[in-house]
Amino acid sequence: IRPAVDAYGIVYAMKARTGAELWHVKLEHTTNNRLVVIGTLVAHDVLFVTAVRFLDKNGTNTRGVIYSVNRANGRIQWSKESSGTFPREGFTEPPLLIGGSLILADGLSNSAVALSTKDGSFIWSFHGKDGYIGISGRLVHDAHRVFAASGDSYVYALDLKTGHEAWKTSTGGSNSALTICGGHLVVSNLSMFTLDLQDGTVITAGARASLFES
């Protein structure tokens with residue numbers, strides 16, 4: 001089974017070999033707000049779907065939404081909308097699954113939030129500097145922390161259990177992606193930076209690079 005999505009809030013399950021449809025589900029049943037599906041994550045018998053809900057026509061008011069969908073039949077088990085603290089919010093990447101937690105990047109409000117996989121209940125949230133787009137790209141993690149690249153110039157290390165900031169390091173530019181490589185964080189903001197995982201110390205800085213996907 002392979003999930004597929006469209007820009008109108010419909011998720012399809014298809015046979016991987018033939019492309020034959022097994023089921024589809026419309027995540028929203030209202031015509032008032034447009035829902036754009038961003039990403040999916042399959043975990044055992046559950047399909048998690050992230051989306052951005054547009055509350056007006058020009059996109060000045062948006063919310064992030066995540067859905068837990070039964071992988072076998074497409075039934076929606078639960079859904080959770082972002083807090084509404086900021087005018088523009090949206091879960092802009094597939095979720096990061098760690099144990100019983102889903103860590104979500106909100107690229108429109110420069111935030112991250114952790115929810116329970118069981119019912120979507122709130123665990124913690126983190127907000128970077130006001131007025132910036134981020135968290136950018138996919139989140140990555142080690143055994144104790146989750147790492148986020150932000151458009152506010154900072155790379156953040158957050159405690160997995162609490163969301164508290166362990167350290168932050170500025171690269172002096174808008175960060176677009178990061179990954180873990182050889183015990184270091186490699187960060188792209190048109191230039192390439194290497195940071196120490198433990199404390200965020202800059203190891204190498206300023207190497208010219210193309211944008212990359214983590």
# chains A, B, ... in the order shown; residues from 1 in each chain; ligands from 1

call {"tool": "select_by_dssp", "arguments": {"residues": "region 25-179 of chain A", "states": "strand (DSSP E or B)", "output": "PyMOL selection string"}}
result
chain A and resi 25-26+34-43+46-54+62-70+76-81+88+91+96-98+101-106+111-116+122-127+136-141+145-149+154-159+165-170+177-179

call {"tool": "residues_around", "arguments": {"residues": "region 190-206 of chain A", "least_positions_apart": "4", "cutoff": "10 Å", "atoms": "only C-alpha atoms", "output": "ChimeraX atom specification"}}
result
/A:141-142,145,147,155-157,166-186,210-212

call {"tool": "residues_around", "arguments": {"residues": "Val37 (chain A)", "least_positions_apart": "5", "cutoff": "8 Å", "atoms": "only C-alpha atoms", "output": "VMD selection string"}}
result
chain A and resid 5 to 10 49 to 52

call {"tool": "write_last_selection", "arguments": {"atoms": "all heavy atoms", "output": "mmCIF file, in the first residue's frame"}}
result
data_model
loop_
_atom_site.group_PDB
_atom_site.id
_atom_site.type_symbol
_atom_site.label_atom_id
_atom_site.label_comp_id
_atom_site.auth_asym_id
_atom_site.auth_seq_id
_atom_site.Cartn_x
_atom_site.Cartn_y
_atom_site.Cartn_z
ATOM 1 N N VAL A 5 -1.542 11.926 -2.164
ATOM 2 C CA VAL A 5 -2.380 13.045 -1.736
ATOM 3 C C VAL A 5 -2.562 14.009 -2.897
ATOM 4 O O VAL A 5 -1.832 13.960 -3.891
ATOM 5 C CB VAL A 5 -1.751 13.798 -0.540
ATOM 6 C CG1 VAL A 5 -1.583 12.874 0.644
ATOM 7 C CG2 VAL A 5 -0.404 14.400 -0.932
ATOM 8 N N ASP A 6 -3.572 14.885 -2.768
ATOM 9 C CA ASP A 6 -3.712 15.963 -3.739
ATOM 10 C C ASP A 6 -3.814 17.289 -2.998
ATOM 11 O O ASP A 6 -3.700 17.338 -1.780
ATOM 12 C CB ASP A 6 -4.908 15.737 -4.666
ATOM 13 C CG ASP A 6 -6.262 15.811 -3.950
ATOM 14 O OD1 ASP A 6 -6.303 16.233 -2.771
ATOM 15 O OD2 ASP A 6 -7.274 15.462 -4.575
ATOM 16 N N ALA A 7 -4.006 18.359 -3.743
ATOM 17 C CA ALA A 7 -4.027 19.704 -3.151
ATOM 18 C C ALA A 7 -5.398 20.094 -2.641
ATOM 19 O O ALA A 7 -5.610 21.237 -2.263
ATOM 20 C CB ALA A 7 -3.552 20.725 -4.179
ATOM 21 N N TYR A 8 -6.339 19.159 -2.582
ATOM 22 C CA TYR A 8 -7.699 19.475 -2.157
ATOM 23 C C TYR A 8 -8.124 18.651 -0.952
ATOM 24 O O TYR A 8 -9.305 18.438 -0.718
ATOM 25 C CB TYR A 8 -8.661 19.267 -3.324
ATOM 26 C CG TYR A 8 -8.336 20.185 -4.483
ATOM 27 C CD1 TYR A 8 -7.547 19.748 -5.535
ATOM 28 C CD2 TYR A 8 -8.770 21.513 -4.487
ATOM 29 C CE1 TYR A 8 -7.216 20.592 -6.582
ATOM 30 C CE2 TYR A 8 -8.445 22.362 -5.531
ATOM 31 C CZ TYR A 8 -7.666 21.898 -6.571
ATOM 32 O OH TYR A 8 -7.338 22.746 -7.595
ATOM 33 N N GLY A 9 -7.146 18.170 -0.194
ATOM 34 C CA GLY A 9 -7.469 17.505 1.050
ATOM 35 C C GLY A 9 -7.969 16.086 0.904
ATOM 36 O O GLY A 9 -8.679 15.594 1.778
ATOM 37 N N ILE A 10 -7.620 15.403 -0.171
ATOM 38 C CA ILE A 10 -8.014 14.014 -0.368
ATOM 39 C C ILE A 10 -6.767 13.134 -0.330
ATOM 40 O O ILE A 10 -5.765 13.426 -0.976
ATOM 41 C CB ILE A 10 -8.760 13.808 -1.703
ATOM 42 C CG1 ILE A 10 -10.010 14.694 -1.757
ATOM 43 C CG2 ILE A 10 -9.143 12.343 -1.888
ATOM 44 C CD1 ILE A 10 -10.746 14.623 -3.073
ATOM 45 N N VAL A 49 -0.967 12.430 8.488
ATOM 46 C CA VAL A 49 -1.040 13.380 7.376
ATOM 47 C C VAL A 49 -0.953 14.791 7.928
ATOM 48 O O VAL A 49 -1.731 15.171 8.812
ATOM 49 C CB VAL A 49 -2.354 13.215 6.583
ATOM 50 C CG1 VAL A 49 -2.378 14.170 5.391
ATOM 51 C CG2 VAL A 49 -2.545 11.773 6.128
ATOM 52 N N THR A 50 -0.009 15.586 7.416
ATOM 53 C CA THR A 50 0.087 16.997 7.804
ATOM 54 C C THR A 50 -0.483 17.875 6.702
ATOM 55 O O THR A 50 -0.389 17.545 5.512
ATOM 56 C CB THR A 50 1.538 17.408 8.084
ATOM 57 O OG1 THR A 50 2.369 17.049 6.966
ATOM 58 C CG2 THR A 50 2.064 16.730 9.331
ATOM 59 N N ALA A 51 -1.054 19.005 7.111
ATOM 60 C CA ALA A 51 -1.720 19.884 6.152
ATOM 61 C C ALA A 51 -1.728 21.317 6.657
ATOM 62 O O ALA A 51 -1.467 21.585 7.834
ATOM 63 C CB ALA A 51 -3.163 19.408 5.912
ATOM 64 N N VAL A 52 -2.026 22.224 5.739
ATOM 65 C CA VAL A 52 -2.244 23.636 6.072
ATOM 66 C C VAL A 52 -3.671 23.988 5.695
ATOM 67 O O VAL A 52 -4.109 23.740 4.562
ATOM 68 C CB VAL A 52 -1.256 24.554 5.320
ATOM 69 C CG1 VAL A 52 -1.559 26.020 5.626
ATOM 70 C CG2 VAL A 52 0.183 24.222 5.698
#

call {"tool": "atom_distance", "arguments": {"atom1": "CA of Val69 (chain A)", "atom2": "CA of Phe48 (chain A)"}}
result
6.2 Å
